[in-house]
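Reviewing the structure listed below.
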Amino acid sequence: MTDEELLRYSRQIMLPEVDIEGQEKICAGRVGIIGLGGLGAPAAIYLASSGVGSLVLVDDDEVEISNLQRQIIHTEDSLNTSKVASGKATIKKLNSLTHIDIVDRRLKEEEMVDLASRVDVILDATDNFETRYALNRACLRAKTPLVSGAAIRMEGQISVFDSRRSDSPCYQCLYRDGLDEALNCAENGVLAPMVGIIGTMQAMEVLKLLGEFGDPLIGKVIYFDAKSMQIRSFKLNKDENCLACGSIST
Amino acid sequence: MAINVKVNVLFFASLKEDLGVSEIELDVSDRAGRSDLLDSLTSELGSDCVSPLMAENVSIAVNRSIEKGEFVLKSGDEIAFLPPITGG
């Protein structure tokens with residue numbers, strides 16, 4: 001690391017769990033962020049500011065006025081432009097050392113596998129079950145850890161699925177296939193900080209995976225109820241009959 | 001005659017709003033399983049009220065462990081119903 005980087009990241013390098021070694025791993029880290037909305041926006045900002053070396057931002061949407069309430073990587077100047085271009089512009093101002101690749105279209109499943117095999121972690125910040133199931137399958141095939149977050153109204157959830165470990169459950173161990181009515185923020189509403197809290201927690205889990213410190217949320221699901229400020233952690237076991245990972249086990 | 005035991009049932013996030021209650025103490029038969037639990041809840045709260053708990057992808061956790069298969073309840077168990085969350 002250069003002197004500038006040592007100074008820039010000094011406040012996290014001084015954490016004994018991180019140290020220079022952990023920061024170097026973070027700086028060498030490559031992360032795919034799928035969805036640059038409410039969850040992806042804060043996650044991308046924190047990952048870039050923390051020094052993650054390379055981010056791939058994937059989203060096929062453009063910035064709309066109703067996004068600005070919570071998708072804090074976008075500004076009024078980026079209205080009607082692509083979310084990934086807007087995100088890249090913000091991150092470049094924040095940390096020019098982070099390399100950014102952008103994909104302004106929806107990935108097919110084979111492309112998700114290809115992306116997952118080229119990064120160290122995938123951060124799922126999408127808003128529907130169909131894409132979440134596809135990303136989960138892609139991460140299983142590429143053996144890439146998946147940091148999954150979701151938020152709606154005043155509630156959220158986060159977990160980490162790490163297919164490098166044979167005992168790790170996957171997303172489909174939690175939600176079996178077949179659910180066609182996903183709840184999204186456009187129809188159900190969301191209080192702005194809710195996606196900020198979960199997206200930021202996702203960034204934290206990514207840093208732990210990249211830096212190899214702490215205990216990532218593997219085999220655990222956190223439920224967050226902001227209305228009562230209740231946070232509960234639940235154990236999640238691998239489902240041996242899981243349609244996605246059951247047959248891949250051992 | 002079947003012995004009844006008491007368990008504590010929590011409804012999380014939107015399910016709390018749907019049912020209008022966050023937590024209830026419930027009598028269930030000793031060694032009750034998944035369907036016995038839902039039957040006892042229906043008797044206690046009514047079938048309309050309980051229908052959100054039957055929705056696809058609602059998870060049930062027993063003593064803070066999400067159980068996708070069958071389970072057996074005993075006195076003092078804590079059961080949590082967790083709604084699916086997908087937004088982002």
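Ligands are numbered from 1 in the order shown, chains are lettered A, B, ... in the order of the structure tokens, and residues start at 1 in each chain.
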Taking only C-alpha atoms into account, what are the residues of chain B at most 7 Å from chain A, put as a PyMOL selection string?
chain B and resi 13+56-57+64-66+85-88
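Computed from the coordinates, the CA of Ile197 in chain A to CA of Arg70 in chain A distance equals 10.9 Å.
Each of A:Leu210, A:Ala192, A:Leu7, A:Val31 was compared to Ala44 in chain A using only C-alpha atoms, and A:Val31 turns out to be the nearest.
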For Val62 in chain B, which of B:Glu78, B:Leu38, B:Asn8, B:Cys49 is the closest residue, counting only C-alpha atoms?
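For Val62 in chain B, the nearest of the given residues is B:Glu78.
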Considering only C-alpha atoms, can you say which of B:Gly69, B:Pro52, B:Gly20, B:Gly46 comes closest to Pro83 in chain B?
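Result for the nearest residue to Pro83 in chain B: B:Pro52.
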Env of Ile3 in chain B: 12 Å cut, atoms = only C-alpha atoms, seq-sep filter 6 positions within chain, self excluded. Answer as an MDAnalysis selection string.
chainID B and resid 27:32 74:75
Keeping C-alpha atoms for every residue in the selection just given, could you write it to a file as a PDB file, in the first residue's frame?
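Ended up saving to out.pdb:
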```pdb
ATOM      1  CA  ASP B  27     -51.503 -24.456  24.816  1.00  0.00           C
ATOM      2  CA  VAL B  28     -50.404 -27.284  22.553  1.00  0.00           C
ATOM      3  CA  SER B  29     -50.313 -31.025  23.092  1.00  0.00           C
ATOM      4  CA  ASP B  30     -46.990 -32.317  24.336  1.00  0.00           C
ATOM      5  CA  ARG B  31     -44.790 -33.342  21.386  1.00  0.00           C
ATOM      6  CA  ALA B  32     -46.993 -31.338  19.000  1.00  0.00           C
ATOM      7  CA  LYS B  74     -42.058 -29.237  24.310  1.00  0.00           C
ATOM      8  CA  SER B  75     -43.021 -27.034  27.224  1.00  0.00           C
TER       9      SER B  75
END
```
Residues of range 51-209 of chain A in strand (DSSP E) according to DSSP, as a list in words?
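Taking range 51-209 of chain A and keeping strand (DSSP E) gives Ser54, Leu55, Val56, Leu57, Val58, His99, Ile100, Asp101, Ile102, Val103, Val121, Ile122, Leu123, Asp124, Leu146, Val147, Ser148, Gly149, Ala150, Ala151, Ile152, Glu155, Gly156, Gln157, Ile158, Ser159, Val160 and Phe161 of chain A.
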Skipping near chain neighbours, those fewer than 6 positions away, what residues fall within 8 Å of Gly76 in chain B using only C-alpha atoms, listed as JSON, numbers by chain?
{"B": [5, 6, 7, 8]}
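Closest approach to Leu41 in chain B among B:Leu26, B:Val72, B:Ala55, B:Ala61: B:Leu26, based on only C-alpha atoms.
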So which bits of range 71-156 of chain A end up alpha helix (DSSP H) when you DSSP the backbone, as a PyMOL selection string?
chain A and resi 83-94+109-118+129-142
Expected file: the selected residues, N, CA and C atoms, as a CSV table (one decimal), in the first residue's frame:
```csv
chain,number,residue,atom,x,y,z
A,83,LYS,N,-28.6,4.1,-13.6
A,83,LYS,CA,-28.2,4.0,-12.2
A,83,LYS,C,-26.7,3.6,-12.1
A,84,VAL,N,-26.2,2.7,-12.9
A,84,VAL,CA,-24.8,2.3,-12.8
A,84,VAL,C,-23.8,3.4,-13.2
A,85,ALA,N,-24.2,4.2,-14.2
A,85,ALA,CA,-23.3,5.4,-14.5
A,85,ALA,C,-23.4,6.4,-13.4
A,86,SER,N,-24.5,6.6,-12.9
A,86,SER,CA,-24.7,7.6,-11.8
A,86,SER,C,-23.9,7.1,-10.6
A,87,GLY,N,-24.0,5.8,-10.3
A,87,GLY,CA,-23.2,5.2,-9.1
A,87,GLY,C,-21.7,5.3,-9.3
A,88,LYS,N,-21.3,5.1,-10.5
A,88,LYS,CA,-19.9,5.1,-10.8
A,88,LYS,C,-19.3,6.6,-10.6
A,89,ALA,N,-20.1,7.5,-11.1
A,89,ALA,CA,-19.7,8.9,-11.0
A,89,ALA,C,-19.6,9.3,-9.5
A,90,THR,N,-20.5,8.9,-8.7
A,90,THR,CA,-20.5,9.2,-7.2
A,90,THR,C,-19.2,8.6,-6.6
A,91,ILE,N,-19.0,7.3,-6.9
A,91,ILE,CA,-17.9,6.6,-6.3
A,91,ILE,C,-16.6,7.1,-6.7
A,92,LYS,N,-16.5,7.6,-7.9
A,92,LYS,CA,-15.2,8.1,-8.4
A,92,LYS,C,-14.8,9.4,-7.6
A,93,LYS,N,-15.8,10.1,-7.2
A,93,LYS,CA,-15.6,11.3,-6.4
A,93,LYS,C,-15.2,10.9,-5.0
A,94,LEU,N,-15.7,9.8,-4.5
A,94,LEU,CA,-15.5,9.4,-3.2
A,94,LEU,C,-14.1,8.7,-3.0
A,109,GLU,N,-28.7,-15.9,-16.6
A,109,GLU,CA,-28.1,-16.7,-15.6
A,109,GLU,C,-26.6,-17.1,-15.9
A,110,GLU,N,-26.3,-17.4,-17.1
A,110,GLU,CA,-25.0,-17.8,-17.5
A,110,GLU,C,-24.0,-16.6,-17.2
A,111,GLU,N,-24.5,-15.4,-17.5
A,111,GLU,CA,-23.6,-14.2,-17.3
A,111,GLU,C,-23.4,-14.0,-15.8
A,112,MET,N,-24.5,-14.3,-15.0
A,112,MET,CA,-24.3,-14.2,-13.5
A,112,MET,C,-23.2,-15.2,-13.1
A,113,VAL,N,-23.2,-16.4,-13.6
A,113,VAL,CA,-22.2,-17.4,-13.2
A,113,VAL,C,-20.8,-16.9,-13.6
A,114,ASP,N,-20.7,-16.3,-14.8
A,114,ASP,CA,-19.4,-15.8,-15.3
A,114,ASP,C,-19.0,-14.6,-14.3
A,115,LEU,N,-19.9,-13.7,-14.0
A,115,LEU,CA,-19.5,-12.6,-13.1
A,115,LEU,C,-19.1,-13.2,-11.7
A,116,ALA,N,-19.9,-14.1,-11.2
A,116,ALA,CA,-19.6,-14.7,-9.9
A,116,ALA,C,-18.2,-15.3,-9.8
A,117,SER,N,-17.8,-15.9,-11.0
A,117,SER,CA,-16.5,-16.6,-11.0
A,117,SER,C,-15.4,-15.6,-11.1
A,118,ARG,N,-15.7,-14.3,-11.4
A,118,ARG,CA,-14.6,-13.3,-11.6
A,118,ARG,C,-14.5,-12.4,-10.4
A,129,PHE,N,-37.8,-12.3,-6.1
A,129,PHE,CA,-37.4,-13.6,-5.9
A,129,PHE,C,-36.7,-14.3,-7.1
A,130,GLU,N,-37.3,-14.0,-8.3
A,130,GLU,CA,-36.8,-14.6,-9.5
A,130,GLU,C,-35.3,-14.4,-9.6
A,131,THR,N,-34.9,-13.1,-9.5
A,131,THR,CA,-33.4,-12.8,-9.7
A,131,THR,C,-32.6,-13.3,-8.5
A,132,ARG,N,-33.2,-13.3,-7.3
A,132,ARG,CA,-32.5,-13.8,-6.1
A,132,ARG,C,-32.2,-15.3,-6.3
A,133,TYR,N,-33.2,-16.1,-6.8
A,133,TYR,CA,-33.0,-17.5,-7.0
A,133,TYR,C,-31.9,-17.7,-8.0
A,134,ALA,N,-31.9,-16.9,-9.1
A,134,ALA,CA,-31.0,-17.1,-10.2
A,134,ALA,C,-29.5,-16.8,-9.7
A,135,LEU,N,-29.4,-15.7,-8.9
A,135,LEU,CA,-28.1,-15.3,-8.4
A,135,LEU,C,-27.6,-16.4,-7.4
A,136,ASN,N,-28.5,-16.9,-6.6
A,136,ASN,CA,-28.1,-18.0,-5.7
A,136,ASN,C,-27.6,-19.2,-6.5
A,137,ARG,N,-28.3,-19.6,-7.5
A,137,ARG,CA,-27.8,-20.7,-8.3
A,137,ARG,C,-26.4,-20.4,-8.9
A,138,ALA,N,-26.3,-19.2,-9.4
A,138,ALA,CA,-25.0,-18.8,-10.1
A,138,ALA,C,-23.9,-18.8,-9.0
A,139,CYS,N,-24.1,-18.3,-7.8
A,139,CYS,CA,-23.1,-18.4,-6.8
A,139,CYS,C,-22.8,-19.8,-6.4
A,140,LEU,N,-23.8,-20.7,-6.3
A,140,LEU,CA,-23.5,-22.1,-6.0
A,140,LEU,C,-22.6,-22.7,-7.1
A,141,ARG,N,-22.9,-22.4,-8.4
A,141,ARG,CA,-22.1,-23.0,-9.4
A,141,ARG,C,-20.6,-22.4,-9.4
A,142,ALA,N,-20.5,-21.1,-9.1
A,142,ALA,CA,-19.2,-20.5,-9.2
A,142,ALA,C,-18.4,-20.7,-7.8
```
